[in-house]
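Text of the file start_18.tsv, holding TSV, C-alpha atoms:
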chain	number	residue	atom	x	y	z
A	55	MET	CA	-12.94	-18.53	8.55
A	56	THR	CA	-16.08	-18.08	6.53
A	57	ASP	CA	-17.38	-16.61	3.34
A	58	LEU	CA	-19.38	-13.39	3.49
A	59	HIS	CA	-21.81	-13.34	6.39
A	60	PRO	CA	-24.32	-16.17	5.93
A	61	GLY	CA	-27.87	-15.10	5.34
A	62	ARG	CA	-26.86	-11.79	3.79
A	63	THR	CA	-27.03	-10.89	0.14
A	64	SER	CA	-23.44	-10.39	-0.91
A	65	PRO	CA	-22.64	-7.10	-2.64
A	66	THR	CA	-21.76	-7.53	-6.28
A	67	ALA	CA	-19.49	-5.91	-8.80
A	68	GLN	CA	-22.51	-4.14	-10.25
A	69	GLU	CA	-22.29	-1.77	-7.28
A	70	LEU	CA	-19.28	-0.12	-8.93
A	71	PRO	CA	-20.40	3.16	-10.51
A	72	VAL	CA	-20.02	3.62	-14.24
A	73	GLN	CA	-16.48	4.77	-15.08
A	74	ARG	CA	-16.53	8.57	-15.41
A	75	THR	CA	-13.80	8.69	-18.04
A	76	ALA	CA	-12.73	5.90	-20.36
A	77	PRO	CA	-9.41	4.57	-18.99
A	78	PRO	CA	-6.59	3.33	-21.21
A	79	ALA	CA	-6.66	-0.38	-21.99
A	80	LEU	CA	-4.48	-2.36	-19.58
A	81	GLN	CA	-2.35	-3.76	-22.36
A	82	ASP	CA	-1.65	-0.19	-23.49
A	83	LEU	CA	-0.22	0.66	-20.09
A	84	GLY	CA	2.14	-2.28	-20.10
A	85	LEU	CA	0.73	-3.35	-16.72
A	86	ALA	CA	-1.47	-6.31	-17.56
A	87	GLY	CA	0.23	-9.60	-16.82
A	88	ALA	CA	3.45	-7.96	-15.60
A	89	ALA	CA	5.25	-9.84	-12.86
A	90	PRO	CA	5.68	-8.38	-9.37
A	91	ALA	CA	8.80	-6.26	-8.96
A	92	THR	CA	9.91	-7.86	-5.70
A	93	GLY	CA	11.25	-11.25	-4.81
A	94	VAL	CA	12.37	-13.16	-1.76
A	95	VAL	CA	11.94	-12.00	1.86
A	96	ASP	CA	14.84	-13.18	4.05
A	97	LEU	CA	14.84	-12.79	7.82
A	98	ALA	CA	17.80	-10.76	9.12
A	99	LEU	CA	16.93	-10.12	12.79
A	100	GLU	CA	14.04	-11.15	15.03
A	101	ARG	CA	13.30	-10.46	18.69
A	102	ARG	CA	10.42	-10.16	21.15
A	103	ASP	CA	9.76	-6.72	22.57
A	104	GLU	CA	9.86	-7.08	26.35
A	105	ALA	CA	7.24	-4.41	27.03
A	106	THR	CA	4.58	-5.48	24.51
A	107	GLY	CA	5.42	-9.07	23.59
A	108	ALA	CA	5.32	-8.08	19.92
A	109	LEU	CA	7.61	-9.85	17.46
A	110	LEU	CA	9.95	-7.34	15.80
A	111	ARG	CA	11.46	-8.49	12.50
A	112	ARG	CA	14.04	-6.96	10.17
A	113	VAL	CA	14.08	-8.48	6.72
A	114	VAL	CA	16.01	-8.21	3.48
A	115	VAL	CA	13.84	-8.16	0.36
A	116	THR	CA	15.24	-8.67	-3.13
A	117	ASP	CA	14.08	-5.94	-5.51
A	118	LEU	CA	14.58	-5.12	-9.17
A	119	ALA	CA	16.51	-1.99	-8.11
A	120	ASP	CA	19.23	-4.35	-6.86
A	121	GLU	CA	20.19	-4.99	-10.49
A	122	SER	CA	19.76	-1.41	-11.70
A	123	PRO	CA	23.06	0.09	-12.98
A	124	THR	CA	21.86	3.57	-11.97
A	125	ARG	CA	20.62	2.73	-8.47
A	126	ARG	CA	23.70	3.82	-6.48
A	127	LEU	CA	24.12	7.08	-8.36
A	128	ARG	CA	20.44	8.02	-8.24
A	129	GLN	CA	20.05	7.17	-4.56
A	130	ALA	CA	23.19	9.21	-3.77
A	131	GLN	CA	21.76	12.14	-5.72
A	132	ILE	CA	18.47	11.93	-3.84
A	133	ALA	CA	20.22	11.58	-0.46
A	134	ALA	CA	22.27	14.72	-1.17
A	135	ARG	CA	19.13	16.64	-2.06
A	136	ASP	CA	17.40	15.39	1.06
A	137	GLN	CA	20.28	16.91	3.03
A	138	LEU	CA	19.87	20.16	1.09
A	139	LEU	CA	16.18	20.28	2.00
A	140	ARG	CA	17.03	19.47	5.62
A	141	ALA	CA	19.42	22.44	5.65
A	142	ASN	CA	16.72	24.72	4.19
A	143	PRO	CA	13.52	23.96	6.14
A	144	GLU	CA	11.92	27.16	4.85
A	145	TRP	CA	11.77	25.83	1.29
A	146	PRO	CA	8.18	24.82	0.48
A	147	GLY	CA	7.28	21.76	-1.53
A	148	PRO	CA	6.21	21.95	-5.17
A	149	LEU	CA	2.85	23.49	-5.98
A	150	VAL	CA	0.20	21.92	-8.19
A	151	GLU	CA	-2.18	24.12	-10.15
A	152	GLY	CA	-4.58	22.81	-12.76
A	153	GLY	CA	-2.74	19.52	-12.92
A	154	GLY	CA	0.59	21.25	-13.56
A	155	VAL	CA	3.63	21.21	-11.26
A	156	ILE	CA	5.33	24.42	-10.13
A	157	PRO	CA	8.69	23.39	-8.57
A	158	VAL	CA	9.28	26.28	-6.17
A	159	ASN	CA	12.53	24.90	-4.78
A	160	GLU	CA	15.64	23.75	-6.59
A	161	VAL	CA	15.30	20.15	-5.48
A	162	ALA	CA	11.79	19.83	-6.92
A	163	ALA	CA	13.02	21.56	-10.09
A	164	TRP	CA	15.77	18.93	-10.40
A	165	LEU	CA	13.17	16.18	-10.11
A	166	TYR	CA	10.41	17.49	-12.33
A	167	ASP	CA	12.23	19.45	-15.03
A	168	ASP	CA	12.67	17.60	-18.33
A	169	SER	CA	10.24	14.79	-17.45
A	170	PRO	CA	6.68	15.13	-18.75
A	171	ALA	CA	5.85	11.79	-17.10
A	172	LEU	CA	6.97	12.92	-13.64
A	173	GLN	CA	5.07	16.19	-14.07
A	174	GLU	CA	1.94	14.25	-15.04
A	175	TRP	CA	2.49	11.79	-12.19
A	176	ARG	CA	2.78	14.51	-9.54
A	177	GLY	CA	0.25	16.86	-11.07
A	178	ARG	CA	-2.58	14.43	-11.77
A	179	LEU	CA	-1.96	11.22	-9.81
A	180	VAL	CA	-0.33	12.04	-6.43
A	181	PRO	CA	-1.62	11.36	-3.77
A	182	SER	CA	-4.15	8.95	-5.31
A	183	ALA	CA	-3.55	5.20	-5.24
A	184	ARG	CA	-2.95	5.20	-8.99
A	185	ALA	CA	0.28	7.13	-8.37
A	186	LEU	CA	1.71	3.90	-6.95
A	187	PHE	CA	1.24	1.85	-10.14
A	188	PRO	CA	4.46	2.92	-11.89
A	189	LEU	CA	6.40	2.38	-8.65
A	190	GLN	CA	4.90	-1.10	-8.31
A	191	ARG	CA	5.46	-1.84	-12.02
A	192	PRO	CA	8.34	0.43	-13.12
A	193	HIS	CA	8.67	-1.46	-16.41
A	194	ALA	CA	5.19	-0.28	-17.44
A	195	SER	CA	5.21	1.72	-20.66
A	196	HIS	CA	2.62	4.30	-19.61
A	197	LEU	CA	1.15	5.97	-16.55
A	198	PRO	CA	-2.47	5.06	-15.71
A	199	THR	CA	-3.50	8.32	-17.41
A	200	GLY	CA	-1.99	7.06	-20.68
A	201	VAL	CA	1.06	9.35	-20.67
A	202	PRO	CA	4.25	7.51	-21.76
A	203	ILE	CA	6.88	6.96	-19.04
A	204	ASP	CA	10.13	8.65	-20.09
A	205	ASP	CA	13.59	7.44	-19.09
A	206	LYS	CA	14.03	9.93	-16.25
A	207	ALA	CA	10.71	8.94	-14.71
A	208	ARG	CA	11.43	5.24	-15.12
A	209	GLY	CA	14.74	5.66	-13.32
A	210	PHE	CA	13.02	7.37	-10.41
A	211	PHE	CA	10.24	4.75	-10.32
A	212	THR	CA	12.91	2.02	-10.26
A	213	ASP	CA	15.71	3.33	-8.06
A	214	SER	CA	14.40	5.75	-5.43
A	215	LEU	CA	13.95	4.52	-1.86
A	216	ASP	CA	10.31	5.65	-1.93
A	217	ALA	CA	9.69	3.33	-4.88
A	218	VAL	CA	11.70	0.48	-3.35
A	219	GLY	CA	9.74	0.84	-0.11
A	220	ILE	CA	6.40	0.60	-1.90
A	221	ARG	CA	7.53	-2.68	-3.46
A	222	THR	CA	9.13	-4.18	-0.36
A	223	ARG	CA	6.07	-3.54	1.82
A	224	ALA	CA	4.07	-5.42	-0.84
A	225	ALA	CA	6.58	-8.28	-0.65
A	226	VAL	CA	6.21	-8.38	3.14
A	227	LEU	CA	2.43	-8.59	2.72
A	228	ARG	CA	2.93	-11.55	0.39
A	229	ASP	CA	5.28	-13.15	2.94
A	230	VAL	CA	2.71	-12.67	5.74
A	231	ILE	CA	0.05	-14.29	3.59
A	232	ALA	CA	2.33	-17.19	2.69
A	233	ARG	CA	3.08	-17.88	6.36
A	234	THR	CA	-0.62	-17.60	7.22
A	235	SER	CA	-1.52	-20.02	4.43
A	236	ALA	CA	1.11	-22.48	5.70
A	237	ARG	CA	-0.44	-22.26	9.18
A	238	TRP	CA	-3.90	-23.00	7.77
A	239	THR	CA	-2.52	-25.98	5.87
A	240	ALA	CA	-0.90	-27.34	9.04
A	241	GLN	CA	-4.25	-26.97	10.81
A	242	GLY	CA	-6.05	-28.87	8.04
A	243	ARG	CA	-8.18	-25.84	7.07
A	244	THR	CA	-9.67	-26.15	3.60
A	245	GLU	CA	-12.72	-23.88	3.62
A	246	ARG	CA	-13.18	-21.13	1.06
A	247	SER	CA	-12.79	-17.70	2.65
A	248	THR	CA	-12.81	-13.96	2.01
A	249	TRP	CA	-10.11	-11.28	1.79
A	250	VAL	CA	-11.28	-7.71	2.50
A	251	SER	CA	-8.90	-5.02	1.26
A	252	LEU	CA	-9.62	-1.61	2.83
A	253	ALA	CA	-8.62	1.44	0.76
A	254	CYS	CA	-7.44	-1.06	-1.85
A	255	GLY	CA	-6.50	1.48	-4.52
A	256	GLY	CA	-5.31	-0.45	-7.54
A	257	ALA	CA	-4.91	-3.59	-5.38
A	258	LEU	CA	-1.68	-4.73	-7.02
A	259	PRO	CA	-0.07	-5.82	-3.71
A	260	VAL	CA	-3.19	-7.84	-2.89
A	261	LEU	CA	-3.32	-9.43	-6.32
A	262	ASP	CA	0.39	-10.25	-6.13
A	263	ALA	CA	-0.11	-11.87	-2.72
A	264	LEU	CA	-2.96	-14.13	-3.83
A	265	SER	CA	-0.50	-16.62	-5.32
A	266	ALA	CA	0.92	-17.14	-1.81
A	267	LEU	CA	-2.43	-18.57	-0.66
A	268	GLN	CA	-2.20	-21.81	-2.60
A	269	PRO	CA	-3.98	-24.18	-2.13
A	270	HIS	CA	-6.48	-21.99	-0.25
A	271	GLU	CA	-9.22	-20.17	-2.15
A	272	LEU	CA	-10.43	-16.69	-1.26
A	273	ALA	CA	-13.04	-14.37	-2.65
A	274	LEU	CA	-11.83	-10.77	-2.84
A	275	VAL	CA	-13.74	-7.74	-1.51
A	276	LEU	CA	-12.14	-4.49	-2.70
A	277	VAL	CA	-13.17	-1.37	-0.76
A	278	ASP	CA	-12.21	2.17	-1.75
A	279	ILE	CA	-13.71	5.64	-1.99
A	280	ASP	CA	-12.24	6.21	-5.47
A	281	PRO	CA	-14.37	4.73	-8.29
A	282	VAL	CA	-11.53	5.16	-10.81
A	283	ALA	CA	-9.12	3.13	-8.66
A	284	LEU	CA	-11.82	0.51	-8.03
A	285	ASP	CA	-12.49	0.12	-11.73
A	286	PHE	CA	-8.77	-0.28	-12.37
A	287	ALA	CA	-8.41	-2.82	-9.56
A	288	HIS	CA	-11.41	-4.78	-10.84
A	289	ARG	CA	-9.99	-4.97	-14.36
A	290	LEU	CA	-6.56	-6.00	-13.05
A	291	ALA	CA	-8.13	-8.73	-10.92
A	292	LEU	CA	-9.89	-10.17	-13.95
A	293	GLU	CA	-6.65	-9.90	-15.96
A	294	GLU	CA	-4.96	-11.93	-13.21
A	295	GLY	CA	-7.49	-14.69	-13.84
A	296	LEU	CA	-9.84	-14.27	-10.88
A	297	PRO	CA	-13.39	-15.32	-11.74
A	298	GLU	CA	-15.68	-12.29	-11.77
A	299	ARG	CA	-17.95	-13.96	-9.22
A	300	ASP	CA	-15.02	-13.91	-6.74
A	301	VAL	CA	-14.34	-10.17	-7.05
A	302	VAL	CA	-16.63	-7.73	-5.20
A	303	VAL	CA	-16.03	-3.98	-5.44
A	304	LEU	CA	-17.50	-1.59	-2.91
A	305	GLU	CA	-17.29	2.19	-3.22
A	306	ARG	CA	-17.24	3.16	0.45
A	307	ASP	CA	-15.85	6.05	2.51
A	308	LEU	CA	-13.83	4.40	5.29
A	309	VAL	CA	-14.11	7.44	7.53
A	310	ARG	CA	-17.89	7.19	7.51
A	311	THR	CA	-18.26	3.41	7.37
A	312	VAL	CA	-15.34	2.18	9.51
A	313	VAL	CA	-13.98	5.05	11.61
A	314	VAL	CA	-17.06	7.09	12.57
A	315	ARG	CA	-19.58	4.26	12.34
A	316	ASP	CA	-19.59	0.47	12.12
A	317	ASP	CA	-21.45	0.29	8.80
A	318	LEU	CA	-18.94	-1.85	6.91
A	319	VAL	CA	-18.74	-4.43	9.70
A	320	ASP	CA	-22.53	-4.57	9.75
A	321	GLU	CA	-22.64	-4.88	5.95
A	322	LEU	CA	-20.07	-7.66	5.60
A	323	GLY	CA	-20.58	-9.28	9.00
A	324	PRO	CA	-18.26	-9.69	12.00
A	325	GLY	CA	-15.76	-12.51	11.51
A	326	SER	CA	-16.53	-12.69	7.80
A	327	ALA	CA	-12.95	-12.43	6.51
A	328	ALA	CA	-9.87	-14.62	6.72
A	329	VAL	CA	-7.68	-11.69	5.67
A	330	VAL	CA	-8.20	-7.96	6.15
A	331	ASP	CA	-5.57	-5.51	4.94
A	332	ALA	CA	-5.24	-1.74	5.03
A	333	LEU	CA	-1.79	-1.49	3.50
A	334	GLY	CA	-1.91	2.03	2.14
A	335	ILE	CA	-4.25	4.16	4.27
A	336	PHE	CA	-2.97	4.15	7.85
A	337	GLU	CA	-0.64	7.16	7.55
A	338	TYR	CA	-3.46	9.36	6.28
A	339	PHE	CA	-5.44	8.97	9.54
A	340	SER	CA	-5.06	10.56	12.96
A	341	ASP	CA	-4.17	8.34	15.90
A	342	ALA	CA	-7.78	8.25	17.08
A	343	ALA	CA	-9.01	7.30	13.61
A	344	CYS	CA	-6.34	4.56	13.35
A	345	VAL	CA	-7.50	3.06	16.63
A	346	ARG	CA	-11.09	2.97	15.41
A	347	LEU	CA	-10.01	1.51	12.07
A	348	LEU	CA	-8.03	-1.21	13.83
A	349	ARG	CA	-10.95	-2.11	16.09
A	350	ASN	CA	-13.41	-2.52	13.25
A	351	ALA	CA	-10.91	-4.20	10.95
A	352	ARG	CA	-10.19	-6.70	13.72
A	353	ARG	CA	-13.93	-7.31	14.12
A	354	LEU	CA	-14.07	-8.33	10.46
A	355	VAL	CA	-11.38	-11.02	10.88
A	356	ALA	CA	-12.43	-14.55	11.72
A	357	ASP	CA	-10.55	-16.66	14.27
A	358	GLY	CA	-7.39	-17.96	12.64
A	359	GLY	CA	-7.27	-15.08	10.17
A	360	VAL	CA	-4.82	-12.20	9.84
A	361	LEU	CA	-5.02	-8.41	9.87
A	362	VAL	CA	-2.30	-6.41	8.05
A	363	VAL	CA	-1.65	-2.65	8.02
A	364	ALA	CA	1.39	-0.55	7.14
A	365	ASN	CA	2.73	2.90	7.98
A	366	MET	CA	5.62	5.04	6.81
A	367	LEU	CA	8.29	5.20	9.53
A	368	SER	CA	9.15	8.47	11.25
A	369	ASP	CA	12.87	7.67	11.11
A	370	ARG	CA	12.84	6.62	7.46
A	371	PRO	CA	15.65	7.89	5.24
A	372	GLU	CA	15.00	10.88	2.97
A	373	LEU	CA	11.86	12.12	4.69
A	374	HIS	CA	12.49	15.73	3.58
A	375	TRP	CA	12.81	14.51	0.00
A	376	ASN	CA	9.45	12.79	0.26
A	377	LYS	CA	7.71	15.82	1.78
A	378	ARG	CA	9.27	18.77	-0.06
A	379	GLY	CA	11.11	17.25	-3.01
A	380	ILE	CA	8.39	14.97	-4.32
A	381	GLY	CA	5.79	16.95	-2.39
A	382	TRP	CA	3.72	13.97	-1.26
A	383	PRO	CA	1.12	15.51	1.06
A	384	LEU	CA	-0.70	14.64	4.27
A	385	LEU	CA	1.34	11.70	5.56
A	386	ARG	CA	1.62	10.95	9.29
A	387	GLU	CA	4.82	8.99	9.87
A	388	ARG	CA	5.01	6.84	13.00
A	389	SER	CA	7.60	4.86	14.95
A	390	THR	CA	7.34	1.17	15.80
A	391	GLU	CA	6.53	2.13	19.39
A	392	GLN	CA	3.73	4.44	18.29
A	393	LEU	CA	2.23	1.75	16.05
A	394	LEU	CA	2.23	-0.79	18.88
A	395	GLU	CA	0.58	1.77	21.15
A	396	LEU	CA	-2.24	2.15	18.60
A	397	VAL	CA	-2.63	-1.63	18.40
A	398	ALA	CA	-2.87	-1.89	22.20
A	399	GLU	CA	-5.30	1.04	22.43
A	400	ALA	CA	-7.52	-0.73	19.90
A	401	GLY	CA	-7.79	-3.65	22.32
A	402	ILE	CA	-5.70	-5.97	20.17
A	403	ASP	CA	-3.20	-8.35	21.78
A	404	THR	CA	0.26	-7.02	20.98
A	405	ALA	CA	1.73	-10.45	21.81
A	406	ARG	CA	0.00	-11.70	18.64
A	407	THR	CA	1.39	-8.78	16.63
A	408	THR	CA	4.41	-8.76	14.33
A	409	VAL	CA	6.14	-5.61	13.04
A	410	THR	CA	8.27	-6.21	9.95
A	411	ILE	CA	10.65	-3.61	8.52
A	412	PRO	CA	12.53	-4.19	5.24
A	413	GLN	CA	16.12	-3.08	4.76
A	414	ASP	CA	15.18	0.19	3.04
A	415	GLY	CA	13.58	1.40	6.29
A	416	VAL	CA	10.69	3.24	4.62
A	417	TYR	CA	7.66	1.30	5.91
A	418	ALA	CA	6.69	-0.91	8.82
A	419	VAL	CA	4.20	-3.68	8.10
A	420	VAL	CA	2.10	-4.65	11.13
A	421	SER	CA	0.37	-8.04	11.09
A	422	VAL	CA	-1.90	-9.53	13.74
A	423	ASP	CA	-2.65	-13.26	13.98
A	424	CYS	CA	-6.27	-13.30	15.09
Let me see the file written as structure tokens.
Amino acid sequence: MTDLHPGRTSPTAQELPVQRTAPPALQDLGLAGAAPATGVVDLALERRDEATGALLRRVVVTDLADESPTRRLRQAQIAARDQLLRANPEWPGPLVEGGGVIPVNEVAAWLYDDSPALQEWRGRLVPSARALFPLQRPHASHLPTGVPIDDKARGFFTDSLDAVGIRTRAAVLRDVIARTSARWTAQGRTERSTWVSLACGGALPVLDALSALQPHELALVLVDIDPVALDFAHRLALEEGLPERDVVVLERDLVRTVVVRDDLVDELGPGSAAVVDALGIFEYFSDAACVRLLRNARRLVADGGVLVVANMLSDRPELHWNKRGIGWPLLRERSTEQLLELVAEAGIDTARTTVTIPQDGVYAVVSVDC
């Protein structure tokens, strides 16, 4: 494990473009300094896949929804509406025009009516990474746009399986990092290293996972195409106490610099990172693009490091609700078998691969010990 490629001039935070619109102050959003919304990851089942050698894990993750008095009722309401959408496949998802939501089916109307915050969230934030902030921090007072979060929206951001899944995949990332850090400690590794987060968005899962690295120190390289998300992630990282010299932000198009070409690997250097994650981008890419992303992401990881990606599962509960109730676009859900096929096609040893699925069944987190 090394720092950024020796002999190169490291990119700096000054590469971040000037913010196009003045964002709300972090303290005004109720996000700054807020604790992660997930807790302990407990192993439920674990087995080796005979065909691939991959370790398949089912885990139970504590979540703030566990203590929500409205969780059972709201999840039952959403499950019933998922069944209604399943029975009416001709119903389209909600439309968005000029930042406003037009709920063209009765399920979307049930969700978005009487909630200015949910209308703002769907109309102006989905599918950007900033749409995940209120799901990751449902106790926040405002959306990243500055719109107050009303009670109906807060209940959805707390209780729905989509929100729970966003938080539990972040908890699994933290658990992977904790186990990796323990392995480094057992090996006597003490060198300062680098974490590269691809399509980092607001980077809250990464920032939450940094505490699991103690006593190891990592510089953080945040890569995203969205300058607004990068600015937000940079400010959050500084709020979390990271020295500015340890936070590098790179506005890069992953399709051009990782999938089509090898530019990012050339820029940062092969083997330059102890950790590489792509937690929130995999399901937006075709199979061929995922294979290319995996190959180049693996090239960035040093020996002894870890690569982590995640993907929404094709057999997840309430898929119709996600697609045509919420109207979240463009996702490519995949099975565990499909994910392992992509890993193998990328030339990565599946016997060094672990697939972890929390109890909500929304996401699979794939980690590779390199």
Quick one: residues within 7 Å of segment 149-162 of chain A, all atoms listed in the file counted, chain neighbours fewer than 4 positions away excluded, as a list in words?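 What passes the distance filter is Arg135, Trp145, Tyr166, Gln173, Arg176, Gly177, Arg178, Gly379 and Ile380 of chain A.
Closest approach to Phe210 of chain A among A:Ala257, A:Ser122, A:Leu394, A:Arg237 is made by A:Ser122 (distances from all atoms listed in the file).
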Selected residue, from A:Leu272, A:Leu127, A:Ala194, A:Leu179, that lies nearest to Ala327 of chain A when counting only C-alpha atoms: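 Of A:Leu272, A:Leu127, A:Ala194, A:Leu179, the one nearest Ala327 of chain A is A:Leu272, counting only C-alpha atoms.
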d(atom CA of Val114 of chain A, atom CA of Glu395 of chain A) in Å: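 Taking atom CA of Val114 of chain A and atom CA of Glu395 of chain A, their separation equals 25.5 Å.
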Name the residues within 10 Å of (7.2, -7.6, 24.0), counting all atoms listed in the file in the file's coordinates, and put them as an MDAnalysis selection string. chainID A and resid 101:110 394 404:407
Kindly assemble as CSV a list of the segment 106-168 of chain A residues that lie within 12 Å of segment 224-229 of chain A, each paired with its nearest atom pair and their distance in Å to one decimal, using all atoms listed in the file, sorted first by chain and then by ascending residue number.
residue,atom,partner,partner_atom,distance
A:Arg111,CA,A:Val226,CA,10.7
A:Arg112,CA,A:Val226,CA,10.6
A:Val113,CA,A:Val226,CA,8.6
A:Val114,CA,A:Val226,CA,9.8
A:Val115,CA,A:Ala225,CA,7.3
A:Thr116,CA,A:Ala225,CA,9.0
A:Asp117,CA,A:Ala225,CA,9.2
What separation in Å, quoted to one decimal, exists between atom CA of Leu385 of chain A and atom CA of Leu354 of chain A? 25.7 Å
I'd like to know which of A:Leu296, A:Val301, A:Cys424, A:Ala287 is closest to Ala351 of chain A, using only C-alpha atoms.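 Checking each of A:Leu296, A:Val301, A:Cys424, A:Ala287 against Ala351 of chain A, counting only C-alpha atoms, the winner is A:Cys424.
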Give me, please, the distance in Å between atom CA of Leu215 of chain A and atom CA of Trp382 of chain A, quoted to one decimal. 13.9 Å
Using all atoms listed in the file, which of A:Leu292, A:Thr410, A:Leu333, A:Ala263 sits nearest Ile220 of chain A?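 Nearest to Ile220 of chain A: A:Leu333.
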Which residues, written as number ranges by chain, have at least one atom at most 6 Å from Leu276 of chain A, with all atoms listed in the file counted and residues fewer than 2 positions away on the same chain left out? A: 251, 254, 303
Could you give me, as a ChimeraX atom specification, the residues within 9 Å of Arg388 of chain A, counting only C-alpha atoms and dropping anything in the same chain fewer than 4 positions from it? /A:337,365-369,392-393,418
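Counting all atoms listed in the file, segment 265-270 of chain A has the following residues at most 9 Å away, ignoring those fewer than 5 positions along the same chain: Arg228, Asp229, Val230, Ile231, Ala232, Arg233, Thr234, Ser235, Ala236, Trp238, Thr239, Arg243, Thr244, Glu245, Arg246 and Ser247 of chain A.
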Within 10 Å of (-13.4, 4.1, -3.1), all atoms listed in the file: residues as a VMD selection string? chain A and resid 70 252 to 255 276 to 285 303 to 308
Taking all atoms listed in the file into account, name the residue in A:Asp205, A:Val360, A:Phe187, A:Val397 that is nearest to Cys344 of chain A.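 The answer is A:Val397, which sits nearest to Cys344 of chain A.
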List as JSON, numbers by chain the protein and nucleic acid residues near Phe339 of chain A, meaning an atom at most 10 Å away when only C-alpha atoms are counted, but skip any in the same chain fewer than 4 places from it. {"A": [309, 313, 335, 343, 344, 345, 347, 384, 385, 386]}
Against segment 130-134 of chain A, which residues of segment 335-404 of chain A fall within 9 Å? For each one I want the closest pair of atoms and the distance in Å (one decimal), counting all atoms listed in the file, rows by chain and increasing residue number, as JSON lines.
{"residue": "A:Pro371", "atom": "CA", "partner": "A:Ala133", "partner_atom": "CA", "distance": 8.2}
{"residue": "A:Glu372", "atom": "CA", "partner": "A:Ala133", "partner_atom": "CA", "distance": 6.3}
{"residue": "A:Trp375", "atom": "CA", "partner": "A:Ile132", "partner_atom": "CA", "distance": 7.3}
Judged by all atoms listed in the file, the minimum distance to Thr408 of chain A among A:Leu361, A:Leu264, A:Leu396, A:Val95 is found for A:Leu361
